[in-house]
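Reviewing the structure listed below.
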Amino acid sequence: MYSLPCSAFSSSPTTPLRNKLSHFLIRRNRRHQSQQIHRRNSQIKAMRAVIQRVSSSSVTVDGRIVSEIGPGLLVLIGIHESDTDSDADYICRKVLNMRLFPNETTGKGWDQNVMQMNYGVLLVSQFTLYGFLKGNKPDFHVAMPPEKAKPFYASLVEKFQKSYNLDAVKDGVFGAMMQVNIVNDGPVTMQLDSSQSSK
């Protein structure tokens with residue numbers, strides 16, 4: 001009996017169609033994932049702070065140290081486009097009252113806040129805290145625009161200084177390319193978002 005070689009069946013007219021369908025499904029899944037990420041990001045409406053307990057920290061701009069503290073807190077601040085004074089009040093109150101330090105008298109851990117320790121606070125504006133990936137590229141569209149964020153951030157720094165101590169609260173240079181030096185003590189790092197109830 002005569003039989004055809006296997007190679008005669010290796011190509012099927014349905015193969016191009018199958019490839020097109022596969023590419024279509026991949027594109028659809030990517031688009032769906034992108035839409036999900038966009039919806040999730042659009043629901044995030046809060047000021048964000050990343051707080052690090054430090055032995056020391058400093059900010060350098062153009063080779064010059066512009067701010068520095070010894071023991072205390074380095075606070076990176078991300079401002080959302082919808083943030084208001086109530087968000088700033090919440091972040092200020094919570095950061096200054098977070099019990100991240102041990103009580104040196106009793107030895108009890110997580111007992112004292114930065115004000116009780118009479119330590120420093122270094123605030124640094126960082127819009128990249130509201131960066132979200134679109135594929136492999138970061139997108140910062142939900143961060144407050146610089147022209148609006150600059151006075152808003154300045155008012156936040158003032159809140160910290162009035163709530164604590166003018167000399168104890170330092171900050172970086174808004175919008176500058178900064179080198180932030182950190183000696184994280186612990187390490188201890190906390191993330192804090194302003195509560196939705198503050199809106």
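In the structure tokens, the first chain shown is A, the next is B, and so on; residue numbers restart at 1 for each chain, and ligands run from 1 in the order shown.
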
Subject >> Nearby residues (only C-alpha atoms) at most 6 Å from Val50 (chain A), same-chain spacing under 5 positions excluded, as a list in words >> reply: Val75, Leu76, Met190 and Gln191 of chain A

Take the residues from that selection and put them in a file with all heavy atoms, as an mmCIF file, in the first residue's frame.
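Just written: selection37.cif:
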```cif
data_model
loop_
_atom_site.group_PDB
_atom_site.id
_atom_site.type_symbol
_atom_site.label_atom_id
_atom_site.label_comp_id
_atom_site.auth_asym_id
_atom_site.auth_seq_id
_atom_site.Cartn_x
_atom_site.Cartn_y
_atom_site.Cartn_z
ATOM 1 N N VAL A 75 11.027 61.034 55.742
ATOM 2 C CA VAL A 75 9.667 60.846 55.237
ATOM 3 C C VAL A 75 9.600 61.244 53.771
ATOM 4 O O VAL A 75 9.754 62.417 53.429
ATOM 5 C CB VAL A 75 8.653 61.670 56.056
ATOM 6 C CG1 VAL A 75 7.221 61.329 55.612
ATOM 7 C CG2 VAL A 75 8.818 61.434 57.548
ATOM 8 N N LEU A 76 9.392 60.254 52.898
ATOM 9 C CA LEU A 76 9.172 60.508 51.482
ATOM 10 C C LEU A 76 7.686 60.758 51.265
ATOM 11 O O LEU A 76 6.849 59.971 51.717
ATOM 12 C CB LEU A 76 9.635 59.310 50.648
ATOM 13 C CG LEU A 76 11.090 58.874 50.853
ATOM 14 C CD1 LEU A 76 11.378 57.602 50.045
ATOM 15 C CD2 LEU A 76 12.060 59.972 50.466
ATOM 16 N N MET A 190 7.895 52.132 57.086
ATOM 17 C CA MET A 190 6.436 52.045 57.105
ATOM 18 C C MET A 190 5.862 52.834 55.933
ATOM 19 O O MET A 190 6.416 53.857 55.541
ATOM 20 C CB MET A 190 5.879 52.628 58.412
ATOM 21 C CG MET A 190 6.419 52.018 59.684
ATOM 22 S SD MET A 190 5.748 50.373 60.017
ATOM 23 C CE MET A 190 4.045 50.786 60.422
ATOM 24 N N GLN A 191 4.751 52.346 55.379
ATOM 25 C CA GLN A 191 4.023 53.104 54.365
ATOM 26 C C GLN A 191 2.691 53.541 54.944
ATOM 27 O O GLN A 191 1.996 52.756 55.587
ATOM 28 C CB GLN A 191 3.781 52.279 53.102
ATOM 29 C CG GLN A 191 2.983 53.053 52.051
ATOM 30 C CD GLN A 191 2.858 52.287 50.732
ATOM 31 O OE1 GLN A 191 3.837 51.813 50.170
ATOM 32 N NE2 GLN A 191 1.632 52.179 50.228
#
```

Return as a compact mmCIF listing (two decimals) with N, CA and C atoms, in the first residue's frame the full set of residues in region 15-181 of chain A whose backbone-based DSSP assignment is strand (DSSP E or B).
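Result file is result.txt:
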```txt
# COMPACT_ATOMS: atom_id res chain seq x y z
N ARG A 48 0.50 59.85 50.11
CA ARG A 48 1.28 58.68 50.49
C ARG A 48 2.58 59.12 51.14
N ALA A 49 2.92 58.45 52.24
CA ALA A 49 4.18 58.71 52.93
C ALA A 49 4.89 57.40 53.17
N VAL A 50 6.18 57.37 52.88
CA VAL A 50 7.04 56.24 53.24
C VAL A 50 7.98 56.74 54.32
N ILE A 51 7.86 56.15 55.49
CA ILE A 51 8.59 56.63 56.68
C ILE A 51 9.69 55.64 57.03
N GLN A 52 10.90 56.15 57.17
CA GLN A 52 12.03 55.31 57.56
C GLN A 52 12.65 55.85 58.85
N ARG A 53 12.82 54.95 59.81
CA ARG A 53 13.54 55.32 61.03
C ARG A 53 15.04 55.31 60.71
N VAL A 54 15.70 56.42 60.98
CA VAL A 54 17.09 56.54 60.57
C VAL A 54 18.00 56.91 61.73
N SER A 55 19.26 56.50 61.59
CA SER A 55 20.31 56.98 62.49
C SER A 55 20.78 58.35 62.03
N SER A 56 20.73 58.54 60.70
CA SER A 56 21.06 59.84 60.11
C SER A 56 20.56 59.85 58.67
N SER A 57 20.35 61.04 58.14
CA SER A 57 19.92 61.17 56.76
C SER A 57 20.25 62.58 56.27
N SER A 58 20.49 62.71 54.98
CA SER A 58 20.81 64.02 54.41
C SER A 58 20.36 64.09 52.96
N VAL A 59 20.20 65.31 52.47
CA VAL A 59 19.85 65.56 51.08
C VAL A 59 20.93 66.42 50.45
N THR A 60 21.45 65.96 49.32
CA THR A 60 22.49 66.70 48.60
C THR A 60 21.96 67.13 47.24
N VAL A 61 22.18 68.39 46.88
CA VAL A 61 21.80 68.93 45.58
C VAL A 61 23.01 69.63 44.98
N ARG A 64 26.10 69.72 47.11
CA ARG A 64 26.06 70.46 48.38
C ARG A 64 24.95 69.90 49.27
N ILE A 65 25.27 69.63 50.53
CA ILE A 65 24.27 69.16 51.48
C ILE A 65 23.33 70.31 51.83
N VAL A 66 22.04 70.14 51.53
CA VAL A 66 21.07 71.20 51.79
C VAL A 66 20.26 70.96 53.05
N SER A 67 20.18 69.70 53.49
CA SER A 67 19.46 69.37 54.72
C SER A 67 20.04 68.09 55.29
N GLU A 68 20.05 68.01 56.62
CA GLU A 68 20.50 66.78 57.25
C GLU A 68 19.95 66.69 58.67
N ILE A 69 19.77 65.46 59.13
CA ILE A 69 19.33 65.20 60.50
C ILE A 69 20.17 64.06 61.06
N GLY A 72 16.18 60.02 63.78
CA GLY A 72 14.82 60.53 63.55
C GLY A 72 14.13 59.81 62.43
N LEU A 73 13.37 60.57 61.64
CA LEU A 73 12.57 59.99 60.58
C LEU A 73 12.86 60.67 59.25
N LEU A 74 13.08 59.87 58.22
CA LEU A 74 13.08 60.36 56.85
C LEU A 74 11.70 60.03 56.28
N VAL A 75 11.03 61.03 55.74
CA VAL A 75 9.67 60.85 55.24
C VAL A 75 9.60 61.24 53.77
N LEU A 76 9.39 60.25 52.90
CA LEU A 76 9.17 60.51 51.48
C LEU A 76 7.69 60.76 51.26
N ILE A 77 7.36 61.85 50.58
CA ILE A 77 5.97 62.27 50.43
C ILE A 77 5.54 62.21 48.97
N GLY A 78 4.47 61.45 48.70
CA GLY A 78 3.86 61.42 47.38
C GLY A 78 2.50 62.10 47.44
N HIS A 80 -1.04 63.03 45.76
CA HIS A 80 -2.01 62.66 44.73
C HIS A 80 -2.69 63.92 44.19
N PHE A 101 10.00 54.24 68.09
CA PHE A 101 11.25 54.26 68.85
C PHE A 101 11.08 53.57 70.21
N GLN A 112 7.83 55.11 71.78
CA GLN A 112 7.97 56.56 71.73
C GLN A 112 7.86 57.09 70.30
N GLY A 120 14.94 64.39 64.84
CA GLY A 120 14.67 65.18 63.65
C GLY A 120 13.72 64.50 62.68
N VAL A 121 13.15 65.32 61.80
CA VAL A 121 12.28 64.84 60.72
C VAL A 121 12.77 65.47 59.42
N LEU A 122 13.05 64.63 58.44
CA LEU A 122 13.49 65.13 57.13
C LEU A 122 12.44 64.74 56.10
N LEU A 123 11.78 65.74 55.52
CA LEU A 123 10.73 65.53 54.52
C LEU A 123 11.31 65.68 53.12
N VAL A 124 10.95 64.75 52.24
CA VAL A 124 11.42 64.81 50.86
C VAL A 124 10.25 64.53 49.92
N SER A 125 9.95 65.47 49.04
CA SER A 125 8.87 65.28 48.07
C SER A 125 9.30 64.26 47.02
N PHE A 132 2.99 54.20 38.32
CA PHE A 132 2.43 52.88 38.03
C PHE A 132 2.95 52.43 36.68
N LEU A 133 3.19 51.14 36.57
CA LEU A 133 3.75 50.62 35.34
C LEU A 133 2.68 50.41 34.28
N LYS A 134 2.96 50.90 33.08
CA LYS A 134 2.19 50.57 31.89
C LYS A 134 3.13 49.76 31.01
N LYS A 137 6.99 50.74 31.42
CA LYS A 137 7.24 52.18 31.55
C LYS A 137 6.42 52.78 32.68
N PRO A 138 7.05 53.53 33.59
CA PRO A 138 6.29 54.16 34.68
C PRO A 138 5.42 55.30 34.18
N ASP A 139 4.26 55.43 34.80
CA ASP A 139 3.31 56.49 34.48
C ASP A 139 2.99 57.23 35.77
N ALA A 143 -0.15 61.69 40.01
CA ALA A 143 0.55 62.60 40.94
C ALA A 143 0.11 64.03 40.66
N VAL A 169 12.39 70.07 61.97
CA VAL A 169 11.83 69.60 60.70
C VAL A 169 12.59 70.22 59.54
N LYS A 170 13.21 69.36 58.73
CA LYS A 170 13.96 69.80 57.55
C LYS A 170 13.26 69.27 56.31
N ASP A 171 13.66 69.81 55.15
CA ASP A 171 13.13 69.27 53.90
C ASP A 171 14.16 69.40 52.79
N GLN A 179 20.18 63.73 45.85
CA GLN A 179 20.77 62.49 46.35
C GLN A 179 20.40 62.41 47.83
N VAL A 180 19.64 61.40 48.16
CA VAL A 180 19.15 61.24 49.54
C VAL A 180 19.95 60.12 50.20
N ASN A 181 20.71 60.48 51.20
CA ASN A 181 21.52 59.51 51.94
C ASN A 181 20.76 59.08 53.19
```

**OP:** Give me every alpha helix (DSSP H) residue in region 43-182 of chain A, going by DSSP on the backbone, as a ChimeraX atom specification.
**Re:** /A:43,85-97,114-117,146-163

Please produce an output containing C-alpha atoms for each residue in the selection, written as an mmCIF file, in the first residue's frame.
```
data_model
loop_
_atom_site.group_PDB
_atom_site.id
_atom_site.type_symbol
_atom_site.label_atom_id
_atom_site.label_comp_id
_atom_site.auth_asym_id
_atom_site.auth_seq_id
_atom_site.Cartn_x
_atom_site.Cartn_y
_atom_site.Cartn_z
ATOM 1 C CA GLN A 43 -9.451 54.489 42.723
ATOM 2 C CA ASP A 85 -5.543 69.970 53.455
ATOM 3 C CA SER A 86 -7.327 67.152 55.301
ATOM 4 C CA ASP A 87 -4.924 64.631 53.756
ATOM 5 C CA ALA A 88 -1.952 66.762 54.796
ATOM 6 C CA ASP A 89 -3.343 67.069 58.339
ATOM 7 C CA TYR A 90 -3.756 63.295 58.559
ATOM 8 C CA ILE A 91 -0.230 62.502 57.346
ATOM 9 C CA CYS A 92 1.317 65.131 59.625
ATOM 10 C CA ARG A 93 -0.550 63.906 62.697
ATOM 11 C CA LYS A 94 0.124 60.226 62.054
ATOM 12 C CA VAL A 95 3.813 60.574 61.215
ATOM 13 C CA LEU A 96 4.585 62.694 64.268
ATOM 14 C CA ASN A 97 2.733 60.288 66.558
ATOM 15 C CA VAL A 114 9.758 61.231 67.206
ATOM 16 C CA MET A 115 8.631 64.243 69.259
ATOM 17 C CA GLN A 116 9.024 62.415 72.567
ATOM 18 C CA MET A 117 12.561 61.486 71.532
ATOM 19 C CA PRO A 146 4.307 70.330 39.864
ATOM 20 C CA GLU A 147 2.855 73.852 39.651
ATOM 21 C CA LYS A 148 0.121 72.849 42.115
ATOM 22 C CA ALA A 149 2.177 70.406 44.167
ATOM 23 C CA LYS A 150 4.967 72.853 45.038
ATOM 24 C CA PRO A 151 2.873 75.244 47.199
ATOM 25 C CA PHE A 152 0.895 72.297 48.570
ATOM 26 C CA TYR A 153 4.093 70.545 49.665
ATOM 27 C CA ALA A 154 5.408 73.796 51.199
ATOM 28 C CA SER A 155 2.234 74.043 53.277
ATOM 29 C CA LEU A 156 2.740 70.430 54.419
ATOM 30 C CA VAL A 157 6.276 71.213 55.594
ATOM 31 C CA GLU A 158 4.890 74.203 57.494
ATOM 32 C CA LYS A 159 2.275 71.965 59.164
ATOM 33 C CA PHE A 160 5.036 69.661 60.422
ATOM 34 C CA GLN A 161 7.087 72.590 61.704
ATOM 35 C CA LYS A 162 4.147 74.156 63.523
ATOM 36 C CA SER A 163 3.010 70.817 64.962
#
```
